[in-house]
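Engineer: The file below is target-v4.txt, compact mmCIF, C-alpha atoms:
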```txt
# COMPACT_ATOMS: atom_id res chain seq x y z
CA MET E 195 0.00 0.00 0.00
CA ASN E 196 1.32 3.47 -0.95
CA ILE E 197 0.35 6.65 0.88
CA MET E 198 0.68 9.92 -1.05
CA TYR E 199 -0.51 13.30 0.22
CA GLY E 200 -2.90 11.68 2.68
CA VAL E 201 -4.45 9.41 0.04
CA ILE E 202 -4.22 5.68 0.50
CA LYS E 203 -3.40 4.00 -2.79
CA MET E 204 -4.31 0.31 -2.79
CA PRO E 205 -2.28 -2.05 -5.00
CA ARG E 206 -4.00 -3.04 -8.21
CA LYS E 207 -5.24 -6.60 -8.49
CA PRO E 208 -3.81 -8.76 -11.28
CA SER E 209 -6.16 -8.92 -14.26
CA ILE E 210 -6.31 -12.05 -16.42
CA ALA E 211 -7.89 -12.41 -19.86
CA VAL E 212 -9.47 -15.79 -20.62
CA ILE E 213 -9.43 -15.80 -24.41
CA TYR E 214 -12.57 -17.29 -25.91
CA PHE E 215 -12.57 -18.74 -29.42
CA PRO E 216 -15.64 -20.11 -31.26
CA GLY E 217 -16.02 -23.67 -29.98
CA ASN E 218 -14.28 -23.30 -26.61
CA ASN E 219 -16.29 -24.65 -23.67
CA CYS E 220 -14.10 -24.29 -20.57
CA GLU E 221 -13.90 -20.53 -20.31
CA GLU E 222 -16.34 -20.20 -17.40
CA GLU E 223 -14.53 -22.78 -15.23
CA SER E 224 -11.19 -21.16 -16.04
CA LEU E 225 -12.50 -17.73 -15.08
CA LYS E 226 -13.94 -19.07 -11.82
CA ALA E 227 -10.53 -20.45 -10.84
CA VAL E 228 -8.94 -17.09 -11.65
CA LEU E 229 -11.45 -15.18 -9.52
CA ALA E 230 -11.09 -17.64 -6.63
CA THR E 231 -7.44 -16.61 -6.27
CA GLY E 232 -8.44 -12.99 -5.68
CA MET E 233 -7.39 -11.87 -9.15
CA GLU E 234 -9.67 -10.04 -11.52
CA GLY E 235 -10.54 -11.63 -14.83
CA LYS E 236 -12.69 -11.41 -17.90
CA ILE E 237 -13.68 -13.67 -20.77
CA VAL E 238 -12.33 -11.85 -23.83
CA ARG E 239 -13.52 -12.82 -27.30
CA TRP E 240 -10.83 -13.63 -29.86
CA ASN E 241 -11.81 -10.61 -31.96
CA GLU E 242 -11.72 -8.12 -29.07
CA ARG E 243 -8.04 -7.44 -29.61
CA ARG E 244 -8.03 -3.72 -28.86
CA GLU E 245 -6.11 -2.90 -25.67
CA ILE E 246 -5.47 -6.54 -24.91
CA GLU E 247 -2.10 -5.46 -23.57
CA LYS E 248 -3.87 -4.01 -20.49
CA TYR E 249 -4.21 -7.55 -19.08
CA ASP E 250 -1.48 -8.96 -16.87
CA GLY E 251 -1.77 -12.54 -18.10
CA PHE E 252 -3.69 -14.83 -20.41
CA ILE E 253 -5.43 -18.20 -20.31
CA ILE E 254 -6.38 -20.08 -23.48
CA PRO E 255 -9.08 -22.53 -22.31
CA GLY E 256 -10.15 -25.94 -23.56
CA GLY E 257 -12.83 -27.01 -25.98
CA TRP E 258 -12.95 -27.43 -29.75
CA GLY E 259 -11.94 -24.09 -31.23
CA TYR E 260 -13.24 -23.81 -34.79
CA GLU E 261 -14.36 -27.46 -34.45
CA ASP E 262 -10.67 -28.50 -34.49
CA ARG E 263 -10.84 -28.52 -38.28
CA ILE E 264 -7.63 -29.49 -40.08
CA ARG E 265 -6.18 -30.54 -36.70
CA ALA E 266 -6.59 -29.54 -33.08
CA GLY E 267 -5.74 -25.93 -32.33
CA VAL E 268 -4.28 -25.00 -35.71
CA ILE E 269 -6.93 -22.48 -36.82
CA MET E 270 -6.90 -20.82 -33.40
CA ALA E 271 -3.11 -20.55 -33.65
CA LYS E 272 -3.36 -18.59 -36.92
CA ASP E 273 -5.63 -15.93 -35.43
CA PRO E 274 -4.06 -12.44 -35.13
CA VAL E 275 -4.73 -12.40 -31.39
CA PHE E 276 -1.87 -14.85 -30.94
CA ASP E 277 0.57 -12.34 -32.39
CA LEU E 278 -0.45 -9.97 -29.59
CA ILE E 279 -0.32 -12.67 -26.91
CA ARG E 280 3.13 -13.72 -28.12
CA LYS E 281 4.32 -10.12 -27.78
CA GLU E 282 2.95 -9.90 -24.24
CA ALA E 283 4.63 -13.21 -23.35
CA GLU E 284 7.92 -11.80 -24.61
CA ASN E 285 7.36 -9.02 -22.08
CA ASP E 286 7.29 -11.76 -19.40
CA LYS E 287 3.53 -11.93 -18.91
CA PRO E 288 2.17 -15.41 -18.09
CA VAL E 289 0.26 -17.47 -20.64
CA LEU E 290 -1.48 -20.74 -19.72
CA GLY E 291 -2.90 -22.97 -22.45
CA ILE E 292 -5.22 -25.74 -21.25
CA CYS E 293 -6.13 -28.69 -23.52
CA ASN E 294 -7.30 -26.95 -26.73
CA GLY E 295 -5.32 -23.94 -25.56
CA ALA E 296 -2.24 -26.13 -25.17
CA GLN E 297 -2.72 -27.42 -28.70
CA ALA E 298 -2.90 -23.85 -30.00
CA LEU E 299 0.28 -22.83 -28.13
CA VAL E 300 2.11 -25.72 -29.79
CA GLU E 301 0.64 -24.93 -33.22
CA CYS E 302 1.69 -21.28 -33.04
CA GLY E 303 5.22 -22.23 -31.93
CA MET E 304 5.13 -20.59 -28.49
CA ILE E 305 5.61 -24.08 -27.02
CA PRO E 306 8.25 -25.36 -26.79
CA GLY E 307 9.51 -22.11 -28.32
CA LEU E 308 13.10 -23.12 -29.09
CA LYS E 309 12.80 -22.21 -32.77
CA ASP E 310 10.73 -19.69 -34.66
CA ASN E 311 8.44 -22.37 -36.05
CA VAL E 312 6.27 -25.33 -35.02
CA GLU E 313 8.38 -28.07 -33.42
CA MET E 314 5.76 -30.46 -32.00
CA ALA E 315 2.19 -31.59 -32.51
CA LEU E 316 -0.63 -33.03 -30.44
CA ALA E 317 -1.47 -36.24 -32.28
CA PRO E 318 -4.57 -38.46 -31.87
CA ASN E 319 -4.65 -40.48 -28.67
CA LYS E 320 -3.31 -44.00 -28.59
CA ASN E 321 -4.87 -46.39 -26.12
CA PRO E 322 -6.17 -49.95 -26.39
CA PHE E 323 -9.84 -49.19 -25.76
CA VAL E 324 -10.93 -45.90 -27.34
CA ASN E 325 -10.30 -44.25 -30.70
CA GLY E 326 -10.52 -40.49 -30.41
CA TYR E 327 -11.98 -38.59 -27.47
CA TYR E 328 -11.11 -39.97 -24.06
CA CYS E 329 -12.22 -38.51 -20.71
CA THR E 330 -11.02 -39.81 -17.34
CA TRP E 331 -9.24 -38.90 -14.13
CA ILE E 332 -5.49 -39.43 -14.14
CA TYR E 333 -2.41 -38.35 -12.17
CA ILE E 334 0.42 -36.08 -13.14
CA LYS E 335 3.77 -35.71 -11.41
CA SER E 336 5.73 -32.48 -11.05
CA THR E 337 9.20 -33.03 -12.51
CA GLU E 338 10.91 -29.73 -11.70
CA GLY E 339 9.23 -28.24 -8.64
CA LYS E 340 8.76 -24.62 -7.61
CA ASN E 341 11.43 -22.61 -9.36
CA ARG E 342 11.43 -23.64 -13.02
CA CYS E 343 7.96 -22.57 -14.20
CA ILE E 344 5.87 -19.67 -12.98
CA PHE E 345 2.80 -21.92 -12.67
CA THR E 346 4.41 -24.22 -10.08
CA LYS E 347 5.47 -21.80 -7.32
CA PHE E 348 3.32 -23.77 -4.84
CA THR E 349 4.00 -27.26 -6.25
CA GLU E 350 6.71 -29.45 -4.79
CA LYS E 351 9.04 -31.48 -6.99
CA ASN E 352 7.67 -35.02 -7.44
CA GLU E 353 4.24 -33.94 -6.13
CA VAL E 354 1.45 -36.05 -7.64
CA ILE E 355 -1.76 -34.24 -8.58
CA PRO E 356 -5.18 -35.77 -9.40
CA ILE E 357 -6.59 -34.13 -12.52
CA PRO E 358 -8.91 -35.00 -15.42
CA ILE E 359 -8.19 -35.26 -19.13
CA ALA E 360 -10.79 -34.77 -21.86
CA HIS E 361 -9.33 -34.78 -25.35
CA GLY E 362 -9.03 -36.68 -28.61
CA GLU E 363 -5.62 -35.36 -29.63
CA GLY E 364 -3.42 -35.11 -26.56
CA ARG E 365 -0.34 -37.07 -27.57
CA PHE E 366 2.76 -34.88 -27.61
CA VAL E 367 4.90 -35.99 -30.57
CA THR E 368 7.77 -34.65 -32.65
CA LYS E 369 9.84 -35.73 -35.65
CA ASP E 370 12.87 -33.94 -34.22
CA LYS E 371 14.84 -36.71 -32.54
CA GLU E 372 16.92 -34.22 -30.57
CA LEU E 373 14.03 -32.07 -29.32
CA ILE E 374 13.05 -34.24 -26.34
CA SER E 375 16.66 -34.29 -25.16
CA LYS E 376 16.74 -30.48 -25.40
CA LEU E 377 13.50 -30.20 -23.42
CA ILE E 378 14.90 -32.46 -20.72
CA LYS E 379 18.16 -30.51 -20.63
CA ASN E 380 16.27 -27.20 -20.41
CA LYS E 381 13.91 -28.62 -17.75
CA GLN E 382 10.90 -27.65 -19.87
CA ILE E 383 8.90 -30.85 -19.27
CA ILE E 384 6.99 -29.69 -16.21
CA PHE E 385 4.50 -32.51 -15.64
CA LYS E 386 4.44 -36.16 -16.66
CA TYR E 387 1.64 -38.70 -16.47
CA SER E 388 2.22 -41.01 -13.52
CA THR E 389 0.61 -43.55 -11.25
CA LYS E 390 -1.01 -42.47 -7.99
CA ASP E 391 2.24 -43.18 -6.17
CA GLY E 392 4.36 -41.28 -8.70
CA LYS E 393 5.73 -44.03 -10.92
CA ILE E 394 6.32 -43.00 -14.53
CA GLU E 395 4.94 -45.84 -16.65
CA GLU E 396 4.75 -45.48 -20.42
CA SER E 397 1.90 -47.95 -20.77
CA PHE E 398 -1.85 -47.31 -20.62
CA PRO E 399 -3.66 -46.35 -18.40
CA THR E 400 -0.86 -44.40 -16.65
CA ASN E 401 -0.02 -42.70 -19.94
CA PRO E 402 -3.58 -42.15 -21.20
CA ASN E 403 -2.78 -41.00 -24.74
CA GLY E 404 0.66 -42.36 -25.66
CA ALA E 405 2.50 -39.03 -25.30
CA VAL E 406 6.25 -39.27 -25.84
CA ASP E 407 8.13 -39.37 -22.52
CA ASN E 408 4.75 -39.29 -20.70
CA ILE E 409 4.55 -35.53 -21.31
CA ALA E 410 1.48 -33.85 -19.80
CA ALA E 411 2.76 -30.24 -19.72
CA ILE E 412 5.59 -28.24 -21.27
CA CYS E 413 6.75 -24.70 -20.56
CA ASN E 414 8.75 -22.37 -22.75
CA LYS E 415 12.43 -21.78 -22.01
CA ASN E 416 11.63 -18.64 -20.03
CA GLY E 417 9.10 -20.50 -17.88
CA ASN E 418 6.21 -18.01 -18.24
CA VAL E 419 4.23 -19.93 -20.89
CA MET E 420 2.86 -23.41 -20.19
CA ALA E 421 0.83 -25.83 -22.31
CA ILE E 422 -0.96 -28.50 -20.26
CA MET E 423 -3.31 -31.12 -21.69
CA PRO E 424 -5.13 -32.07 -18.43
CA HIS E 425 -7.68 -29.62 -16.99
CA PRO E 426 -6.61 -27.84 -13.75
CA GLU E 427 -9.77 -25.70 -13.77
CA ARG E 428 -11.80 -28.91 -13.36
CA ALA E 429 -9.72 -30.03 -10.37
CA SER E 430 -9.23 -26.77 -8.47
CA PHE E 431 -11.64 -27.41 -5.58
CA ILE E 432 -12.04 -30.40 -3.27
CA ARG E 433 -15.67 -30.86 -4.37
CA GLN E 434 -14.53 -31.46 -7.96
CA LEU E 435 -12.36 -34.44 -7.11
CA PRO E 436 -13.70 -37.97 -7.66
CA ASP E 437 -14.85 -39.98 -4.66
CA THR E 438 -11.89 -42.31 -5.09
CA THR E 439 -9.39 -39.66 -3.97
CA GLU E 440 -8.32 -39.76 -0.33
CA LEU E 441 -8.22 -35.97 -0.33
CA LYS E 442 -11.94 -35.67 -1.00
CA ASN E 443 -12.92 -38.50 1.33
CA LYS E 444 -11.13 -36.68 4.15
CA PHE E 445 -13.69 -33.88 3.95
CA VAL E 446 -16.88 -35.83 3.23
CA GLY E 447 -19.76 -34.30 5.17
CA ASN E 448 -18.07 -30.90 5.53
CA ALA E 449 -19.73 -28.62 2.99
CA ASN E 450 -17.41 -25.68 3.68
CA ALA E 451 -14.29 -27.79 3.30
CA MET E 452 -15.52 -29.02 -0.07
CA GLU E 453 -14.88 -25.50 -1.38
CA ASP E 454 -11.26 -25.61 -0.23
CA PRO E 455 -8.57 -25.57 -2.94
CA ALA E 456 -7.34 -28.83 -4.42
CA PRO E 457 -3.70 -29.24 -5.59
CA ALA E 458 -4.41 -28.14 -9.18
CA PHE E 459 -5.67 -24.78 -7.90
CA HIS E 460 -2.06 -23.91 -7.14
CA PHE E 461 -1.44 -23.32 -10.87
CA PHE E 462 -3.75 -20.30 -10.73
CA LYS E 463 -2.51 -19.21 -7.30
CA SER E 464 1.03 -19.35 -8.65
CA MET E 465 0.01 -17.24 -11.63
CA LYS E 466 -1.23 -14.58 -9.23
CA LYS E 467 1.96 -14.61 -7.17
CA TYR E 468 4.10 -14.24 -10.29
CA VAL E 469 2.06 -11.32 -11.64
CA GLU E 470 2.18 -9.52 -8.30
CA GLU E 471 5.94 -9.95 -8.02
CA GLU E 472 7.11 -9.58 -11.62
CA VAL E 473 4.44 -7.88 -13.76
CA LEU E 474 2.66 -5.24 -11.68
```
When written as C-alpha cells, how does the structure in this file appear?
Structural biologist:
Amino acid sequence: MNIMYGVIKMPRKPSIAVIYFPGNNCEEESLKAVLATGMEGKIVRWNERREIEKYDGFIIPGGWGYEDRIRAGVIMAKDPVFDLIRKEAENDKPVLGICNGAQALVECGMIPGLKDNVEMALAPNKNPFVNGYYCTWIYIKSTEGKNRCIFTKFTEKNEVIPIPIAHGEGRFVTKDKELISKLIKNKQIIFKYSTKDGKIEESFPTNPNGAVDNIAAICNKNGNVMAIMPHPERASFIRQLPDTTELKNKFVGNANAMEDPAPAFHFFKSMKKYVEEEVL
C-alpha cells in the first residue's frame, strides 16, 4: 500500500484475460478459478483485440476451437490475437494454455519455443480401448518443482496431482529426434503422467494417450508460458475431485471444506503470485 498526500493508494489486483474462441467450452470454469485466487478476470472474445495489452496474463481454455478442423488448435493458432499474446509473453507476462489452448500454443510455436516455427504436434490419442476422445481422471507428477515454471510456485518437486483429461488429440509428438533431449536438458517438461504413487509408466492407463516421454505439460524456455493437456480448472476445488481420492474423502460431510482448494488450484494461485511480483 502506498500513501501519497494523505491518500491511501491500494495495490492493483492482477487482471487475467481468458481468451474465448468459437467452440471453446471451458472458459467459465477457467474464469472461476482465476477469480477464486483474488485476481480479476474477464472472458475476452478472440476478436476483441483492442487494448489486450492491459491484461497482466492470459489463459487459453479448452474445448474445440473452430471445431478443431484441419487438426486440433491449428486455426486458433493462426488468429491475429496470438501475435499480440506472443508479444505480451515476450514481455514476461504469463500465458497458460489448457487442452485446446495447449494445442494452439504448440501450433503457433510458443511451445516449446526453441525455434521460430512449429516443433511439435498433439497427435490423436493412442490407447487400447478408445479411438478419439477420451475422458477420465489421471495423475500427473511435477518433474521440476517450484522454481522452473511460474505456474508451479506452490508445487513441490515429485508432487502427484489428481486431474482429469478430456481430449481426442493429446499425444505430444515430434519428428525432431533431438528435441526431447533439449527439453529435458532445459527442464521444460513440467508434468508427466504417472501412477497415484508417482511411478512413470509409459503404458496405458498411466499414460492415457501415448504421449512421448509421458509428457502432460511443457513450458517455454523462459518459464512463463505453459501448455498443459489435463484440466486444472476442473480439479481446483475439493468438491470437484472424484470420490476415489483420499483428499476428498477426508472432507466428506463438511460442505465448507468441499470449497477448499485442491492441488491443481495452485497453478492459478502461482500465476497470481508471479504477476504480483514480476508484472505489476
Engineer: Determine the nearest neighbour of E:Lys381 from the options E:Pro306, E:Ala429, E:Thr438, E:Asn321, counting only C-alpha atoms.
Structural biologist: E:Pro306
Engineer: Looking at only C-alpha atoms, which of E:Gly362, E:Ile305, E:Asp277, E:Asp286 is the one that sits closest to E:Arg265?
Structural biologist: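 When distances to E:Arg265 are compared using only C-alpha atoms, the smallest one comes from E:Gly362.
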Engineer: How far is it from atom CA of E:Cys343 to atom CA of E:Val419, in Å with one decimal?
Structural biologist: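 Interatomic distance, atom CA of E:Cys343 to atom CA of E:Val419: 8.1 Å.
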Engineer: Suppose you want the space between atom CA of E:Met233 and atom CA of E:Lys248; what is it in Å?
Structural biologist: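 So the answer is 14.2 Å.
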Engineer: For E:Arg239, work out the shell of residues within 6 Å, counting all atoms listed in the file and skipping chain neighbours fewer than 3 positions away, then give it as number ranges by chain.
Structural biologist: E: 213-214, 242
Engineer: For atom CA of E:Glu247 and atom CA of E:Lys415, determine how far apart the two atoms are, in Å to one decimal place.
Structural biologist: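 Atom-to-atom, atom CA of E:Glu247 to atom CA of E:Lys415, that is 21.9 Å.
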Engineer: At a cut-off of 12 Å, using all atoms listed in the file, what residues contact stretch 335-337 of chain E? Leave out same-chain residues fewer than 3 positions from it and give the result as a PyMOL selection string.
Structural biologist: chain E and resi 332+340-343+345-357+378+381-395+400-401+407-413+424+457-458+461
Engineer: Tell me which of E:Cys293, E:Val324, E:Leu435, E:Ile374 sits closest to E:Phe398, counting all atoms listed in the file.
Structural biologist: E:Val324
Engineer: Mind checking which residues fall within 10 Å of E:Ala315, counting only C-alpha atoms, ignoring those fewer than 2 positions away in the same chain, and posting them as number ranges by chain?
Structural biologist: E: 265-268, 297-301, 303, 305, 312-313, 317-318, 363-369
Engineer: N, CA, C and O atoms are what I want for stretch 277-302 of chain E; can you complete it accordingly and write them as a CSV table (one decimal), in the coordinates of the input?
Structural biologist:
```
chain,number,residue,atom,x,y,z
E,277,ASP,N,-0.6,-13.2,-32.2
E,277,ASP,CA,0.6,-12.3,-32.4
E,277,ASP,C,0.7,-11.4,-31.2
E,277,ASP,O,1.8,-11.1,-30.7
E,278,LEU,N,-0.5,-10.9,-30.7
E,278,LEU,CA,-0.4,-10.0,-29.6
E,278,LEU,C,-0.1,-10.7,-28.3
E,278,LEU,O,0.7,-10.2,-27.5
E,279,ILE,N,-0.6,-11.9,-28.1
E,279,ILE,CA,-0.3,-12.7,-26.9
E,279,ILE,C,1.1,-13.0,-26.9
E,279,ILE,O,1.8,-13.0,-25.8
E,280,ARG,N,1.7,-13.4,-28.0
E,280,ARG,CA,3.1,-13.7,-28.1
E,280,ARG,C,4.0,-12.5,-27.7
E,280,ARG,O,4.9,-12.7,-26.9
E,281,LYS,N,3.6,-11.3,-28.1
E,281,LYS,CA,4.3,-10.1,-27.8
E,281,LYS,C,4.3,-9.9,-26.3
E,281,LYS,O,5.3,-9.5,-25.7
E,282,GLU,N,3.1,-10.1,-25.7
E,282,GLU,CA,3.0,-9.9,-24.2
E,282,GLU,C,3.8,-10.9,-23.5
E,282,GLU,O,4.3,-10.6,-22.4
E,283,ALA,N,3.8,-12.2,-24.0
E,283,ALA,CA,4.6,-13.2,-23.4
E,283,ALA,C,6.1,-12.9,-23.4
E,283,ALA,O,6.9,-13.1,-22.5
E,284,GLU,N,6.5,-12.2,-24.5
E,284,GLU,CA,7.9,-11.8,-24.6
E,284,GLU,C,8.2,-10.7,-23.6
E,284,GLU,O,9.4,-10.5,-23.3
E,285,ASN,N,7.2,-10.0,-23.1
E,285,ASN,CA,7.4,-9.0,-22.1
E,285,ASN,C,7.2,-9.7,-20.7
E,285,ASN,O,6.9,-8.9,-19.7
E,286,ASP,N,7.3,-11.0,-20.6
E,286,ASP,CA,7.3,-11.8,-19.4
E,286,ASP,C,5.9,-11.9,-18.8
E,286,ASP,O,5.8,-12.4,-17.6
E,287,LYS,N,4.9,-11.6,-19.5
E,287,LYS,CA,3.5,-11.9,-18.9
E,287,LYS,C,3.2,-13.4,-19.0
E,287,LYS,O,3.7,-14.1,-19.9
E,288,PRO,N,2.5,-14.0,-18.1
E,288,PRO,CA,2.2,-15.4,-18.1
E,288,PRO,C,1.1,-15.8,-19.1
E,288,PRO,O,0.1,-15.0,-19.3
E,289,VAL,N,1.3,-16.9,-19.7
E,289,VAL,CA,0.3,-17.5,-20.6
E,289,VAL,C,0.1,-19.0,-20.3
E,289,VAL,O,1.0,-19.7,-20.3
E,290,LEU,N,-1.2,-19.3,-20.0
E,290,LEU,CA,-1.5,-20.7,-19.7
E,290,LEU,C,-2.4,-21.3,-20.8
E,290,LEU,O,-3.5,-20.7,-20.9
E,291,GLY,N,-2.0,-22.3,-21.5
E,291,GLY,CA,-2.9,-23.0,-22.4
E,291,GLY,C,-3.3,-24.3,-21.9
E,291,GLY,O,-2.5,-25.2,-21.6
E,292,ILE,N,-4.7,-24.5,-21.8
E,292,ILE,CA,-5.2,-25.7,-21.2
E,292,ILE,C,-5.9,-26.5,-22.3
E,292,ILE,O,-6.8,-26.0,-23.0
E,293,CYS,N,-5.5,-27.8,-22.6
E,293,CYS,CA,-6.1,-28.7,-23.5
E,293,CYS,C,-6.1,-28.1,-24.9
E,293,CYS,O,-5.1,-28.0,-25.6
E,294,ASN,N,-7.3,-27.6,-25.4
E,294,ASN,CA,-7.3,-27.0,-26.7
E,294,ASN,C,-6.4,-25.7,-26.8
E,294,ASN,O,-5.7,-25.5,-27.8
E,295,GLY,N,-6.3,-25.0,-25.7
E,295,GLY,CA,-5.3,-23.9,-25.6
E,295,GLY,C,-3.9,-24.4,-25.7
E,295,GLY,O,-3.0,-23.7,-26.2
E,296,ALA,N,-3.6,-25.6,-25.1
E,296,ALA,CA,-2.2,-26.1,-25.2
E,296,ALA,C,-1.9,-26.5,-26.6
E,296,ALA,O,-0.8,-26.2,-27.1
E,297,GLN,N,-2.9,-27.1,-27.3
E,297,GLN,CA,-2.7,-27.4,-28.7
E,297,GLN,C,-2.4,-26.2,-29.5
E,297,GLN,O,-1.5,-26.2,-30.4
E,298,ALA,N,-3.1,-25.1,-29.2
E,298,ALA,CA,-2.9,-23.8,-30.0
E,298,ALA,C,-1.5,-23.3,-29.7
E,298,ALA,O,-0.9,-22.8,-30.6
E,299,LEU,N,-1.1,-23.3,-28.5
E,299,LEU,CA,0.3,-22.8,-28.1
E,299,LEU,C,1.4,-23.6,-28.9
E,299,LEU,O,2.4,-23.0,-29.3
E,300,VAL,N,1.2,-24.9,-29.0
E,300,VAL,CA,2.1,-25.7,-29.8
E,300,VAL,C,2.0,-25.4,-31.3
E,300,VAL,O,3.1,-25.2,-31.9
E,301,GLU,N,0.8,-25.2,-31.8
E,301,GLU,CA,0.6,-24.9,-33.2
E,301,GLU,C,1.1,-23.5,-33.6
E,301,GLU,O,1.5,-23.3,-34.8
E,302,CYS,N,1.2,-22.6,-32.7
E,302,CYS,CA,1.7,-21.3,-33.0
E,302,CYS,C,3.2,-21.2,-32.7
E,302,CYS,O,3.8,-20.1,-33.0
```
